[in-house]
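Note: the block below is data16.tsv and it holds TSV, C-alpha atoms.
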```
chain	number	residue	atom	x	y	z
A	24	GLN	CA	-2.14	-8.14	-17.46
A	25	VAL	CA	-2.02	-7.09	-13.83
A	26	GLN	CA	-4.37	-4.30	-12.94
A	27	LEU	CA	-4.48	-2.47	-9.63
A	28	VAL	CA	-7.28	-0.03	-8.88
A	29	GLU	CA	-7.21	2.09	-5.74
A	30	SER	CA	-10.22	3.72	-4.16
A	31	GLY	CA	-11.30	5.29	-0.90
A	32	GLY	CA	-9.33	8.52	-0.90
A	33	GLY	CA	-10.87	11.86	-0.10
A	34	LEU	CA	-10.82	15.00	2.00
A	35	VAL	CA	-11.01	14.38	5.74
A	36	GLN	CA	-10.32	16.27	8.95
A	37	ALA	CA	-7.32	15.62	11.16
A	38	GLY	CA	-7.93	12.93	13.74
A	39	THR	CA	-10.36	10.95	11.62
A	40	SER	CA	-9.94	7.65	9.78
A	41	LEU	CA	-9.98	6.50	6.19
A	42	ARG	CA	-9.75	3.10	4.54
A	43	LEU	CA	-8.16	2.71	1.15
A	44	SER	CA	-8.81	-0.27	-1.08
A	45	CYS	CA	-6.75	-1.78	-3.87
A	46	ALA	CA	-8.55	-4.22	-6.14
A	47	ALA	CA	-6.13	-6.53	-7.95
A	48	SER	CA	-6.88	-8.48	-11.11
A	49	GLY	CA	-5.15	-10.18	-13.99
A	50	ARG	CA	-3.56	-13.20	-12.36
A	51	THR	CA	-3.33	-15.32	-9.25
A	52	PHE	CA	-1.65	-13.29	-6.55
A	53	SER	CA	-0.72	-15.99	-4.07
A	54	SER	CA	3.00	-15.57	-4.87
A	55	TYR	CA	2.81	-11.80	-4.76
A	56	ALA	CA	3.33	-9.10	-2.19
A	57	MET	CA	1.35	-5.89	-2.19
A	58	GLY	CA	2.57	-2.55	-1.01
A	59	TRP	CA	1.20	0.88	-0.27
A	60	PHE	CA	3.30	3.93	-1.02
A	61	ARG	CA	2.51	7.61	-0.87
A	62	GLN	CA	3.85	10.73	-2.50
A	63	ALA	CA	3.28	14.28	-1.32
A	64	PRO	CA	3.87	17.27	-3.61
A	65	GLY	CA	7.58	17.96	-4.00
A	66	LYS	CA	8.58	14.84	-2.09
A	67	GLU	CA	9.82	11.41	-3.03
A	68	ARG	CA	7.59	8.37	-3.04
A	69	GLU	CA	7.50	6.93	0.48
A	70	PHE	CA	6.89	3.39	1.67
A	71	VAL	CA	3.87	2.96	3.93
A	72	ALA	CA	3.19	-0.76	4.36
A	73	ALA	CA	3.32	-4.11	2.60
A	74	ILE	CA	1.77	-7.54	2.92
A	75	ARG	CA	2.63	-10.96	1.53
A	76	TRP	CA	-0.46	-12.38	-0.01
A	77	ILE	CA	0.05	-16.03	0.82
A	78	SER	CA	1.09	-15.65	4.46
A	79	GLY	CA	-0.51	-12.37	5.42
A	80	ASN	CA	2.77	-11.21	6.96
A	81	THR	CA	2.84	-7.44	7.21
A	82	TYR	CA	5.58	-4.84	7.06
A	83	TYR	CA	5.40	-1.17	8.02
A	84	ALA	CA	7.41	1.97	7.82
A	85	ASP	CA	8.39	2.85	11.38
A	86	SER	CA	6.53	6.14	11.22
A	87	MET	CA	3.30	4.38	10.21
A	88	LYS	CA	3.24	1.69	12.88
A	89	GLY	CA	0.33	1.98	15.24
A	90	ARG	CA	-1.80	4.25	13.05
A	91	PHE	CA	-1.92	2.37	9.75
A	92	THR	CA	-2.94	-1.24	9.20
A	93	ILE	CA	-2.61	-3.20	5.99
A	94	SER	CA	-4.77	-6.25	5.35
A	95	ARG	CA	-6.09	-8.38	2.51
A	96	ASP	CA	-9.22	-10.19	1.52
A	97	ASN	CA	-8.32	-13.24	-0.51
A	98	ALA	CA	-11.83	-13.83	-1.76
A	99	LYS	CA	-12.08	-10.31	-3.14
A	100	ASN	CA	-8.45	-10.03	-4.31
A	101	THR	CA	-8.35	-6.74	-2.46
A	102	VAL	CA	-5.80	-5.13	-0.18
A	103	TYR	CA	-6.76	-2.48	2.33
A	104	LEU	CA	-4.98	0.29	4.16
A	105	GLN	CA	-6.77	1.42	7.30
A	106	MET	CA	-5.51	4.82	8.35
A	107	ASN	CA	-6.40	6.16	11.79
A	108	SER	CA	-5.68	9.42	13.60
A	109	LEU	CA	-4.88	11.11	10.32
A	110	LYS	CA	-2.64	14.15	10.32
A	111	PRO	CA	-2.21	16.94	7.77
A	112	GLU	CA	1.23	15.52	6.96
A	113	ASP	CA	-0.47	12.33	5.75
A	114	THR	CA	-1.76	14.31	2.78
A	115	ALA	CA	-0.48	12.62	-0.37
A	116	VAL	CA	-1.38	10.50	-3.34
A	117	TYR	CA	-1.48	6.91	-2.14
A	118	TYR	CA	-0.43	4.18	-4.54
A	119	CYS	CA	-0.93	0.44	-4.48
A	120	ALA	CA	1.87	-1.71	-5.90
A	121	ALA	CA	2.56	-5.39	-6.52
A	122	ARG	CA	5.58	-7.59	-7.02
A	123	GLN	CA	6.17	-11.29	-7.21
A	124	VAL	CA	8.05	-12.83	-4.29
A	125	LEU	CA	9.54	-16.24	-4.89
A	126	TYR	CA	11.68	-16.55	-1.77
A	127	THR	CA	12.64	-13.80	0.64
A	128	PHE	CA	10.62	-10.62	0.66
A	129	ASN	CA	13.56	-8.27	0.90
A	130	TYR	CA	13.81	-4.61	-0.04
A	131	TYR	CA	10.06	-4.41	0.50
A	132	SER	CA	10.28	-0.67	1.16
A	133	ASP	CA	12.03	0.12	-2.12
A	134	TYR	CA	9.48	1.31	-4.63
A	135	ASP	CA	11.63	0.34	-7.63
A	136	THR	CA	11.34	-3.35	-6.68
A	137	TYR	CA	7.61	-3.31	-7.44
A	138	ASN	CA	6.53	-4.12	-10.99
A	139	TYR	CA	2.91	-3.06	-11.04
A	140	TRP	CA	1.26	0.14	-9.88
A	141	GLY	CA	-2.19	1.57	-9.58
A	142	GLN	CA	-3.15	5.06	-10.66
A	143	GLY	CA	-3.20	6.43	-7.12
A	144	THR	CA	-5.85	7.94	-4.90
A	145	GLN	CA	-5.64	11.37	-3.30
A	146	VAL	CA	-5.87	11.70	0.46
A	147	THR	CA	-6.12	15.21	1.85
A	148	VAL	CA	-6.18	15.81	5.60
A	149	SER	CA	-7.25	19.25	6.76
A	150	SER	CA	-6.24	20.70	10.10
```

Please go through the file and, once you have read it, give me the structure as structure tokens.
Amino acid sequence: QVQLVESGGGLVQAGTSLRLSCAASGRTFSSYAMGWFRQAPGKEREFVAAIRWISGNTYYADSMKGRFTISRDNAKNTVYLQMNSLKPEDTAVYYCAARQVLYTFNYYSDYDTYNYWGQGTQVTVSS
């Protein structure tokens, strides 16, 4: 059974940084891709970034490029989301997700293509 556990959220001031972690367990993830999504109150779930485990190739929402960085640690089976220059509009619950990728990693920004989800971690950015 795949299990994803996020951590690292909290209350921070605008302009600061935060690093989220997603610890994955339950199987070998070499054929998987991991994604980060976020959902603010009253809004739809939004794609943030994704990474293919085996290659380390990364994918970002255009609005996140330059401020957010996704990475993985194979030895720890953990995916990270480094968030810099945080803004109040980054306030949301951040979710880690996983899906198996056998060939092309398409539709990586569509949340309904991911099979496994963590419980989410709250990030609140004050102005």

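Checking A:Thr101, A:Ser132, A:Ser149, A:Gln62 one by one against Thr81 of chain A, counting only C-alpha atoms, you find the shortest gap at A:Ser132.
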
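Every protein, DNA or RNA residue with an atom at most 8 Å from segment 105-116 of chain A, where all atoms listed in the file count and chain neighbours fewer than 6 positions away do not, is listed here: Gln36, Ala37, Gly38, Thr39, Ser40, Leu41, Arg42, Leu43, Arg61, Gln62, Ala63, Pro64, Arg90, Phe91, Thr92, Ile93, Gly143, Thr144, Gln145, Val146, Thr147, Val148, Ser149 and Ser150 of chain A.
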
Between atom CA of Val71 of chain A and atom CA of Trp140 of chain A lies a distance of 14.3 Å

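The coordinates place atom CA of Met57 of chain A at 5.5 Å from atom CA of Ala73 of chain A.
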
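Proximity to Tyr103 of chain A was assessed for A:Phe70, A:Tyr130, A:Tyr83, A:Trp59 counting only C-alpha atoms; the smallest distance is recorded for A:Trp59.
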
(message) I want to know what sits within 7 Å of Gly141 of chain A, based on all atoms listed in the file, with residues of the same chain fewer than 4 positions away left out; could you give that as a list in words?
(response) Leu27, Val28, Glu29, Tyr118, Cys119 and Ala120 of chain A

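Atom to atom, atom CA of Gln123 of chain A and atom CA of Gly31 of chain A stand 24.9 Å apart.
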
Could you pull the residues within 10 Å of Ser53 of chain A, counting all atoms listed in the file, minus those fewer than 4 positions along the same chain, as a ChimeraX atom specification? /A:75-78,97,100,123-124

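With all atoms listed in the file as the atoms that count, the minimum distance from Gly58 of chain A to the choices A:Gln142, A:Gly33, A:Tyr126, A:Ser94 is reached by A:Ser94.
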
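When only C-alpha atoms are used to measure the gap to Thr136 of chain A, the shortest distance among A:Gln24, A:Tyr82, A:Ala56, A:Tyr117 belongs to A:Ala56.
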
Shortest contact to Ala84 of chain A, candidates A:Arg50, A:Tyr139, A:Thr127, A:Ala72, atoms counted all atoms listed in the file, goes to A:Ala72

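Of the residues listed (A:Asp85, A:Ala121, A:Leu34, A:Asp96), A:Ala121 shows the shortest atom-to-atom separation from Gly49 of chain A; distances use only C-alpha atoms.
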